[in-house]
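Structure file protein_5.csv; described as CSV, C-alpha atoms.
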chain,number,residue,atom,x,y,z
V,1,MET,CA,-69.5,-86.0,48.4
V,2,ASP,CA,-72.8,-84.2,47.8
V,3,ILE,CA,-74.7,-84.2,51.1
V,4,ARG,CA,-77.9,-85.1,49.3
V,5,ASP,CA,-76.4,-88.5,48.4
V,6,ILE,CA,-76.3,-89.7,52.0
V,7,SER,CA,-79.2,-91.0,54.1
V,8,ASN,CA,-80.8,-89.4,57.1
V,9,GLU,CA,-79.2,-92.1,59.3
V,10,GLU,CA,-75.8,-91.3,57.9
V,11,LEU,CA,-76.2,-87.6,58.5
V,12,VAL,CA,-77.4,-88.2,62.1
V,13,ALA,CA,-74.4,-90.5,62.7
V,14,PHE,CA,-72.0,-88.0,61.3
V,15,LEU,CA,-73.4,-85.1,63.4
V,16,THR,CA,-73.4,-87.1,66.7
V,17,ALA,CA,-69.9,-88.4,66.0
V,18,ASN,CA,-68.8,-84.7,65.7
V,19,GLY,CA,-70.5,-83.5,68.9
V,20,GLN,CA,-73.6,-82.1,67.3
V,21,LYS,CA,-77.2,-82.8,68.4
V,22,ALA,CA,-79.2,-85.3,66.3
V,23,PHE,CA,-82.1,-82.9,65.8
V,24,ARG,CA,-79.8,-80.7,63.6
V,25,ALA,CA,-80.2,-83.3,60.9
V,26,LYS,CA,-83.9,-82.4,60.5
V,27,GLN,CA,-83.0,-78.7,60.2
V,28,VAL,CA,-80.3,-79.4,57.6
V,29,TRP,CA,-82.8,-81.5,55.5
V,30,GLN,CA,-85.5,-78.8,55.8
V,31,TRP,CA,-83.1,-76.2,54.3
V,32,ILE,CA,-82.1,-78.6,51.5
V,33,TRP,CA,-85.3,-80.4,50.6
V,34,GLU,CA,-87.9,-77.8,51.5
V,35,LYS,CA,-86.2,-74.4,51.0
V,36,GLY,CA,-83.8,-75.5,48.2
V,37,VAL,CA,-80.8,-73.6,49.5
V,38,GLY,CA,-77.6,-73.6,47.4
V,39,GLY,CA,-75.1,-73.6,50.2
V,40,PHE,CA,-74.6,-74.3,53.9
V,41,SER,CA,-74.1,-70.6,54.8
V,42,GLU,CA,-77.7,-70.0,53.8
V,43,MET,CA,-78.9,-72.2,56.7
V,44,LYS,CA,-79.8,-69.4,59.0
V,45,ASN,CA,-80.8,-71.4,62.1
V,46,ILE,CA,-77.7,-73.6,61.9
V,47,PRO,CA,-74.7,-72.5,64.1
V,48,GLY,CA,-71.6,-71.2,62.2
V,49,GLU,CA,-69.6,-74.1,63.7
V,50,LEU,CA,-71.9,-76.6,62.1
V,51,GLN,CA,-72.0,-74.8,58.8
V,52,SER,CA,-68.2,-75.0,58.7
V,53,LEU,CA,-68.3,-78.7,59.7
V,54,LEU,CA,-70.7,-79.5,56.9
V,55,SER,CA,-68.8,-77.5,54.3
V,56,ASP,CA,-65.5,-79.1,55.3
V,57,ASN,CA,-67.0,-82.6,54.8
V,58,TYR,CA,-69.7,-82.3,52.1
V,59,THR,CA,-70.6,-80.4,49.0
V,60,LEU,CA,-74.1,-79.1,48.0
V,61,GLN,CA,-74.0,-79.1,44.3
V,62,LYS,CA,-77.2,-77.6,43.0
V,63,ALA,CA,-78.0,-77.8,39.3
V,64,ALA,CA,-77.8,-74.5,37.5
V,65,LEU,CA,-80.9,-73.3,35.6
V,66,GLU,CA,-79.1,-72.0,32.6
V,67,THR,CA,-81.5,-71.6,29.7
V,68,THR,CA,-85.2,-71.0,29.1
V,69,LEU,CA,-87.1,-71.0,25.8
V,70,LYS,CA,-90.7,-70.0,26.0
V,71,ALA,CA,-93.5,-70.9,23.5
V,72,LYS,CA,-96.5,-68.8,22.7
V,73,ASP,CA,-98.7,-70.9,25.0
V,74,GLY,CA,-96.4,-70.4,27.9
V,75,THR,CA,-94.8,-73.8,27.8
V,76,THR,CA,-91.1,-73.3,28.6
V,77,LYS,CA,-88.2,-75.6,27.9
V,78,VAL,CA,-85.7,-75.3,30.7
V,79,GLY,CA,-82.0,-76.2,30.5
V,80,PHE,CA,-80.1,-77.4,33.5
V,81,ARG,CA,-76.3,-77.7,33.8
V,82,PHE,CA,-74.8,-80.0,36.4
V,83,ARG,CA,-71.6,-80.1,38.4
V,84,ASP,CA,-69.6,-82.0,35.7
V,85,ASP,CA,-70.9,-79.9,32.9
V,86,GLN,CA,-73.5,-82.5,31.8
V,87,VAL,CA,-76.8,-81.0,30.7
V,88,ALA,CA,-80.4,-82.0,30.6
V,89,GLU,CA,-83.8,-80.4,29.8
V,90,GLY,CA,-87.1,-80.2,31.6
V,91,VAL,CA,-90.4,-78.5,30.7
V,92,PHE,CA,-92.6,-76.0,32.5
V,93,ILE,CA,-96.2,-76.7,31.3
V,94,PRO,CA,-98.7,-74.1,32.5
V,95,SER,CA,-102.5,-74.1,32.7
V,96,ARG,CA,-104.7,-71.5,34.3
V,97,LYS,CA,-103.5,-71.6,37.8
V,98,ARG,CA,-101.3,-74.7,37.8
V,99,VAL,CA,-98.1,-76.0,36.3
V,100,THR,CA,-96.8,-79.4,35.4
V,101,ALA,CA,-93.1,-80.1,35.7
V,102,CYS,CA,-91.6,-82.5,33.2
V,103,VAL,CA,-88.2,-83.7,34.5
V,104,SER,CA,-85.3,-85.8,33.3
V,105,ALA,CA,-83.7,-88.8,34.9
V,106,GLN,CA,-80.6,-89.0,32.7
V,107,THR,CA,-78.5,-86.8,30.5
V,108,GLY,CA,-79.2,-88.7,27.3
V,109,CYS,CA,-80.7,-92.2,26.8
V,110,LYS,CA,-79.3,-95.5,25.6
V,111,LEU,CA,-82.6,-97.0,24.5
V,112,ASN,CA,-82.5,-95.5,21.0
V,113,CYS,CA,-86.2,-95.3,20.4
V,114,SER,CA,-86.4,-94.4,16.7
V,115,PHE,CA,-89.0,-91.6,17.1
V,116,CYS,CA,-87.3,-89.7,20.0
V,117,ALA,CA,-84.7,-86.9,19.6
V,118,THR,CA,-83.1,-87.8,23.0
V,119,GLY,CA,-82.1,-91.1,21.4
V,120,LEU,CA,-80.0,-89.2,18.9
V,121,LEU,CA,-77.7,-88.2,21.8
V,122,SER,CA,-74.9,-90.3,23.2
V,123,MET,CA,-75.7,-91.6,26.6
V,124,GLY,CA,-74.3,-89.2,29.3
V,125,ARG,CA,-75.0,-90.5,32.8
V,126,ASP,CA,-77.7,-91.1,35.5
V,127,LEU,CA,-78.7,-88.0,37.4
V,128,SER,CA,-78.6,-88.1,41.2
V,129,ALA,CA,-81.7,-87.7,43.3
V,130,GLY,CA,-80.6,-84.2,44.2
V,131,GLU,CA,-80.2,-83.3,40.5
V,132,ILE,CA,-83.6,-84.6,39.6
V,133,PHE,CA,-85.1,-82.8,42.6
V,134,ASP,CA,-83.4,-79.6,41.5
V,135,GLN,CA,-85.4,-79.7,38.3
V,136,VAL,CA,-88.6,-80.0,40.2
V,137,PHE,CA,-87.7,-77.3,42.7
V,138,GLU,CA,-86.6,-74.8,40.0
V,139,ILE,CA,-89.8,-75.3,38.0
V,140,LYS,CA,-91.8,-74.9,41.2
V,141,ARG,CA,-90.0,-71.6,41.7
V,142,MET,CA,-90.9,-70.5,38.2
V,143,ALA,CA,-94.5,-71.4,38.8
V,144,GLU,CA,-94.6,-69.3,42.0
V,145,ALA,CA,-93.1,-66.4,40.1
V,146,GLU,CA,-96.2,-66.5,37.9
V,147,GLU,CA,-98.5,-66.9,40.9
V,148,LYS,CA,-99.3,-70.5,40.0
V,149,ASN,CA,-99.0,-73.8,41.9
V,150,LEU,CA,-96.9,-76.7,40.9
V,151,SER,CA,-99.6,-79.3,40.7
V,152,ASN,CA,-98.1,-82.3,38.8
V,153,ILE,CA,-94.8,-83.8,38.1
V,154,VAL,CA,-94.1,-86.2,35.2
V,155,TYR,CA,-90.9,-88.2,34.9
V,156,MET,CA,-91.1,-88.0,31.1
V,157,GLY,CA,-88.1,-86.0,30.2
V,158,MET,CA,-84.7,-87.2,29.0
V,159,GLY,CA,-83.7,-90.8,29.9
V,160,GLU,CA,-85.3,-93.9,31.2
V,161,PRO,CA,-86.4,-93.5,34.8
V,162,LEU,CA,-86.4,-97.2,35.6
V,163,LEU,CA,-82.7,-97.5,34.5
V,164,ASN,CA,-81.9,-95.0,37.3
V,165,TYR,CA,-84.3,-96.6,39.8
V,166,ASP,CA,-82.7,-95.7,43.2
V,167,ALA,CA,-82.1,-92.0,42.4
V,168,VAL,CA,-85.6,-91.6,40.9
V,169,MET,CA,-87.3,-93.2,43.8
V,170,LYS,CA,-85.3,-91.1,46.3
V,171,SER,CA,-86.2,-87.9,44.5
V,172,ILE,CA,-89.8,-88.9,44.6
V,173,GLU,CA,-89.6,-89.6,48.3
V,174,TYR,CA,-88.4,-86.0,48.9
V,175,VAL,CA,-91.1,-84.6,46.6
V,176,ILE,CA,-93.9,-86.4,48.6
V,177,SER,CA,-92.5,-86.3,52.2
V,178,LYS,CA,-91.5,-83.9,54.9
V,179,PRO,CA,-88.8,-82.7,55.0
V,180,GLY,CA,-89.6,-82.1,51.3
V,181,LEU,CA,-92.3,-80.7,49.2
V,182,ALA,CA,-95.1,-82.8,50.7
V,183,MET,CA,-96.9,-83.3,47.4
V,184,SER,CA,-99.4,-86.2,47.0
V,185,PRO,CA,-98.0,-89.2,45.1
V,186,SER,CA,-101.2,-89.1,43.0
V,187,ARG,CA,-99.7,-85.9,41.5
V,188,ILE,CA,-96.7,-87.8,40.1
V,189,THR,CA,-96.5,-89.9,36.9
V,190,LEU,CA,-93.4,-92.0,36.0
V,191,SER,CA,-93.1,-93.0,32.3
V,192,THR,CA,-91.1,-96.0,31.2
V,193,ALA,CA,-90.3,-97.6,27.8
V,194,GLY,CA,-91.2,-100.9,29.4
V,195,ILE,CA,-88.3,-102.0,31.6
V,196,VAL,CA,-89.9,-105.2,33.0
V,197,PRO,CA,-87.7,-105.8,36.1
V,198,GLY,CA,-88.3,-102.1,37.0
V,199,ILE,CA,-92.0,-102.4,36.7
V,200,ARG,CA,-92.0,-105.5,38.9
V,201,ARG,CA,-89.8,-103.7,41.4
V,202,LEU,CA,-92.2,-100.8,41.6
V,203,ALA,CA,-95.0,-103.3,42.3
V,204,ASP,CA,-93.0,-104.9,45.1
V,205,ASP,CA,-92.1,-101.5,46.6
V,206,GLY,CA,-95.8,-100.5,46.6
V,207,ALA,CA,-95.5,-97.5,44.4
V,208,LYS,CA,-98.3,-95.0,45.0
V,209,PHE,CA,-97.7,-92.7,42.0
V,210,HIS,CA,-99.1,-93.2,38.5
V,211,LEU,CA,-97.2,-95.5,36.0
V,212,ALA,CA,-97.3,-94.7,32.3
V,213,ILE,CA,-95.8,-97.0,29.6
V,214,SER,CA,-94.7,-95.9,26.2
V,215,LEU,CA,-96.3,-98.6,24.1
V,216,HIS,CA,-96.8,-97.2,20.6
V,217,SER,CA,-97.7,-100.5,19.2
V,218,ALA,CA,-99.2,-103.8,20.3
V,219,ASN,CA,-97.4,-105.7,17.5
V,220,ASN,CA,-94.0,-107.1,18.4
V,221,LYS,CA,-92.5,-106.5,15.0
V,222,ILE,CA,-93.6,-102.9,14.8
V,223,ARG,CA,-92.8,-102.1,18.4
V,224,SER,CA,-89.3,-103.6,18.1
V,225,SER,CA,-88.7,-101.4,15.0
V,226,LEU,CA,-89.7,-98.3,17.0
V,227,MET,CA,-88.3,-99.4,20.4
V,228,PRO,CA,-85.3,-101.8,20.4
V,229,ILE,CA,-86.0,-102.5,24.1
V,230,ASN,CA,-89.0,-104.6,23.0
V,231,LYS,CA,-86.5,-107.2,21.7
V,232,LYS,CA,-85.3,-107.7,25.3
V,233,TYR,CA,-88.7,-107.3,26.9
V,234,PRO,CA,-91.4,-108.2,24.3
V,235,LEU,CA,-95.0,-107.5,24.7
V,236,GLU,CA,-95.8,-110.8,26.3
V,237,GLU,CA,-93.4,-110.2,29.2
V,238,LEU,CA,-94.5,-106.6,29.5
V,239,SER,CA,-98.1,-107.8,29.8
V,240,GLU,CA,-97.2,-110.1,32.6
V,241,ALA,CA,-95.4,-107.3,34.4
V,242,ILE,CA,-98.3,-105.0,34.0
V,243,GLN,CA,-100.7,-107.6,35.4
V,244,TYR,CA,-98.3,-108.1,38.4
V,245,PHE,CA,-98.1,-104.4,39.0
V,246,HIS,CA,-101.9,-104.1,39.0
V,247,GLU,CA,-102.4,-107.1,41.3
V,248,LYS,CA,-99.8,-105.7,43.8
V,249,THR,CA,-100.9,-102.0,43.8
V,250,GLY,CA,-104.5,-101.9,42.5
V,251,GLU,CA,-103.4,-99.1,40.2
V,252,ARG,CA,-104.5,-98.8,36.6
V,253,ILE,CA,-101.6,-98.0,34.2
V,254,THR,CA,-101.6,-95.6,31.3
V,255,PHE,CA,-100.4,-96.4,27.8
V,256,GLU,CA,-98.8,-93.6,25.7
V,257,TYR,CA,-99.4,-94.2,22.0
V,258,LEU,CA,-97.6,-92.0,19.6
V,259,MET,CA,-99.5,-91.8,16.2
V,260,LEU,CA,-97.1,-92.2,13.3
V,261,LYS,CA,-98.3,-92.0,9.8
V,262,ASP,CA,-98.4,-95.3,8.0
V,263,VAL,CA,-96.5,-97.0,10.8
V,264,ASN,CA,-98.9,-97.7,13.7
V,265,ASP,CA,-102.1,-95.8,12.9
V,266,THR,CA,-104.4,-98.2,11.0
V,267,LEU,CA,-107.6,-99.9,12.3
V,268,THR,CA,-105.6,-103.2,12.4
V,269,ASP,CA,-103.2,-101.5,14.8
V,270,ALA,CA,-106.1,-100.2,16.9
V,271,GLU,CA,-107.6,-103.7,17.0
V,272,GLU,CA,-104.3,-105.2,18.1
V,273,LEU,CA,-104.1,-102.6,20.8
V,274,ALA,CA,-107.6,-103.4,22.0
V,275,VAL,CA,-106.9,-107.1,22.2
V,276,TYR,CA,-103.6,-106.5,24.1
V,277,CYS,CA,-105.4,-104.4,26.7
V,278,ARG,CA,-107.9,-107.1,27.7
V,279,SER,CA,-105.6,-108.5,30.4
V,280,PHE,CA,-105.6,-105.4,32.7
V,281,PRO,CA,-107.4,-102.1,33.3
V,282,VAL,CA,-105.8,-99.3,31.3
V,283,LYS,CA,-106.3,-95.9,29.9
V,284,ILE,CA,-104.7,-94.8,26.6
V,285,ASN,CA,-103.2,-91.4,25.8
V,286,ILE,CA,-103.1,-90.8,22.1
V,287,ILE,CA,-100.1,-88.5,21.4
V,288,GLU,CA,-99.5,-86.4,18.3
V,289,PHE,CA,-96.0,-86.9,16.8
V,290,ASN,CA,-93.9,-83.8,16.8
V,291,PRO,CA,-91.6,-83.8,13.8
V,292,VAL,CA,-87.8,-83.9,14.4
V,293,LYS,CA,-85.9,-83.1,11.2
V,294,GLU,CA,-83.4,-86.0,11.8
V,295,LEU,CA,-86.2,-88.6,12.2
V,296,PRO,CA,-88.1,-90.3,9.3
V,297,TYR,CA,-91.6,-90.0,10.6
V,298,GLU,CA,-94.7,-87.9,10.0
V,299,PRO,CA,-97.7,-87.3,12.2
V,300,SER,CA,-100.8,-89.3,11.4
V,301,THR,CA,-103.7,-87.4,9.7
V,302,THR,CA,-106.5,-86.1,11.7
V,303,GLU,CA,-108.8,-88.5,10.0
V,304,ARG,CA,-106.6,-91.5,10.9
V,305,VAL,CA,-106.4,-90.3,14.5
V,306,ASP,CA,-110.2,-89.9,14.7
V,307,GLN,CA,-110.8,-93.4,13.3
V,308,PHE,CA,-108.3,-94.9,15.6
V,309,VAL,CA,-109.9,-93.3,18.7
V,310,LYS,CA,-113.4,-94.1,17.7
V,311,PHE,CA,-112.5,-97.8,17.2
V,312,LEU,CA,-111.0,-98.0,20.7
V,313,GLU,CA,-114.0,-96.2,22.2
V,314,SER,CA,-116.3,-98.7,20.5
V,315,ARG,CA,-114.4,-101.4,22.5
V,316,ASN,CA,-115.3,-99.5,25.7
V,317,MET,CA,-111.7,-98.3,26.3
V,318,VAL,CA,-110.8,-95.0,28.1
V,319,VAL,CA,-109.0,-92.9,25.5
V,320,ASN,CA,-107.6,-89.3,25.7
V,321,VAL,CA,-106.1,-87.4,22.9
V,322,ARG,CA,-103.3,-85.4,24.4
V,323,GLN,CA,-102.8,-81.9,23.2
V,324,SER,CA,-99.3,-81.1,22.0
V,325,ARG,CA,-97.5,-78.4,23.9
V,326,GLY,CA,-94.3,-76.5,23.1
V,327,HIS,CA,-93.6,-78.2,19.8
V,328,GLU,CA,-92.3,-74.9,18.2
V,329,ILE,CA,-89.5,-74.7,20.8
V,330,ASP,CA,-88.7,-78.5,20.6
V,331,ALA,CA,-90.2,-79.0,24.0
V,332,ALA,CA,-92.9,-81.4,23.1
V,333,CYS,CA,-93.0,-85.2,23.6
V,334,GLY,CA,-89.9,-86.8,22.0
V,335,GLN,CA,-88.2,-83.5,21.2
V,336,LEU,CA,-85.8,-83.0,24.2
V,337,ALA,CA,-82.2,-83.1,22.9
V,338,ASN,CA,-80.2,-80.3,24.4
V,339,ARG,CA,-80.4,-78.2,21.2
V,340,GLN,CA,-80.0,-74.9,23.2
V,341,MET,CA,-77.3,-76.3,25.5
V,342,THR,CA,-73.7,-77.4,24.8
V,343,PRO,CA,-70.9,-78.2,27.2
V,344,LYS,CA,-68.9,-75.1,28.0
V,345,ASN,CA,-65.7,-76.8,27.0
V,346,ALA,CA,-67.1,-77.9,23.6
Here is the file; what I need is its structure written in the form of structure tokens.
Amino acid sequence: MDIRDISNEELVAFLTANGQKAFRAKQVWQWIWEKGVGGFSEMKNIPGELQSLLSDNYTLQKAALETTLKAKDGTTKVGFRFRDDQVAEGVFIPSRKRVTACVSAQTGCKLNCSFCATGLLSMGRDLSAGEIFDQVFEIKRMAEAEEKNLSNIVYMGMGEPLLNYDAVMKSIEYVISKPGLAMSPSRITLSTAGIVPGIRRLADDGAKFHLAISLHSANNKIRSSLMPINKKYPLEELSEAIQYFHEKTGERITFEYLMLKDVNDTLTDAEELAVYCRSFPVKINIIEFNPVKELPYEPSTTERVDQFVKFLESRNMVVNVRQSRGHEIDAACGQLANRQMTPKNA
């Protein structure tokens, strides 16, 4: 068993049952979650006897950073390979002195959103908390190598985070806590396709990070054609869950809205979106579609995007047009699909 899959209480119990002091647990976690070591022998202030005890009973299976593909603007797609040869991608997104890490929660996705390259993959598996954390830590290491700070983390890579709830939340806990990276939860955004029970669970758990929802249409027929999950959790149920989340946490959510030519980019679509947003405070990120050759969509025209945004702003809505990054290396929104990585035994 990977030691990162056990709790602090379980590690303390194991250590004391084997004649070790309880305080050693904190040292072990510091090496794992703060310093990101790849093996027990690297834990320099841990006695050799304890290193052997740990290695005899646990593994420490770090993800391997296997591929990088860098765009002209510095955005870098990062490929990770895991212990069972499964693969996933993350993205290193730089600005002047800072870096945002986009990380994956699964090796594939079963939601089959029609505009997303990840949906073309067969579903692999959920990633463990340690495997998600490894992505964050390696991108942090890349940032430091460029004398930049890891300032933000977005759970917007491959997979649906709320379908891997426990592992995602555990990874976030080690990102924001000590032992861990001690980052502010306000620097973290989790993006979901609209898993209603997961949104309600986040509310009940008092989530302090930002929540983003991939909406893409406020019309049930259109949204269901784009996102089959809407048939299970239609817009009415999603609205109720968002209201519940806001009431419980006081947080304003973000809608991600991908502009698709002649699909969801008319003024009628904008009006439906404005009406849908009346029930809760929200900001809207307008996203440029990044073409994928296997998918039948085109990006909206600049004129259509401008009209759409101006209409929303005329309804006093907070709207941001998000700049596309890394599209020429298939690292932009909706493009992660392991094109540079294949299983070694393939």
Worksheet item: Which neighbours of V:Leu65 fall inside 7 Å, counting all atoms listed in the file, when residues of the same chain fewer than 3 positions from it are skipped, and could you give them as a list in words?
Response: Gly79, Phe80 and Arg81 of chain V
Worksheet, complete the sentence: atom CA of V:Val91 to atom CA of V:Ser104 measures 9.3 Å
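Closest approach to V:Met259 from the set V:Asn285, V:Ser225, V:Asn18, V:Gln61 is made by V:Asn285, with distances taken over all atoms listed in the file.
Note that the spacing between atom CA of V:Asp265 and atom CA of V:Val305 amounts to 7.2 Å.
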Worksheet item: Pick from V:Asp5, V:Asp85, V:Asp262, V:Glu10: nearest to V:Thr59, with only C-alpha atoms counted?
Response: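 The closest residue to V:Thr59 is V:Asp5.
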Discussion item. With 6 Å as the threshold, what does the neighbourhood of (-100.6, -72.2, 39.9) contain in terms of residues, counting only C-alpha atoms? Coordinates are those of the file; answer as a ChimeraX atom specification.
Written reply: /V:97-99,147-150
Item to complete: Provide the atom CA of V:Phe311 to atom CA of V:Glu271 distance in Å, to one decimal place.
Response: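 Atom-to-atom, atom CA of V:Phe311 and atom CA of V:Glu271 are spaced 7.7 Å apart.
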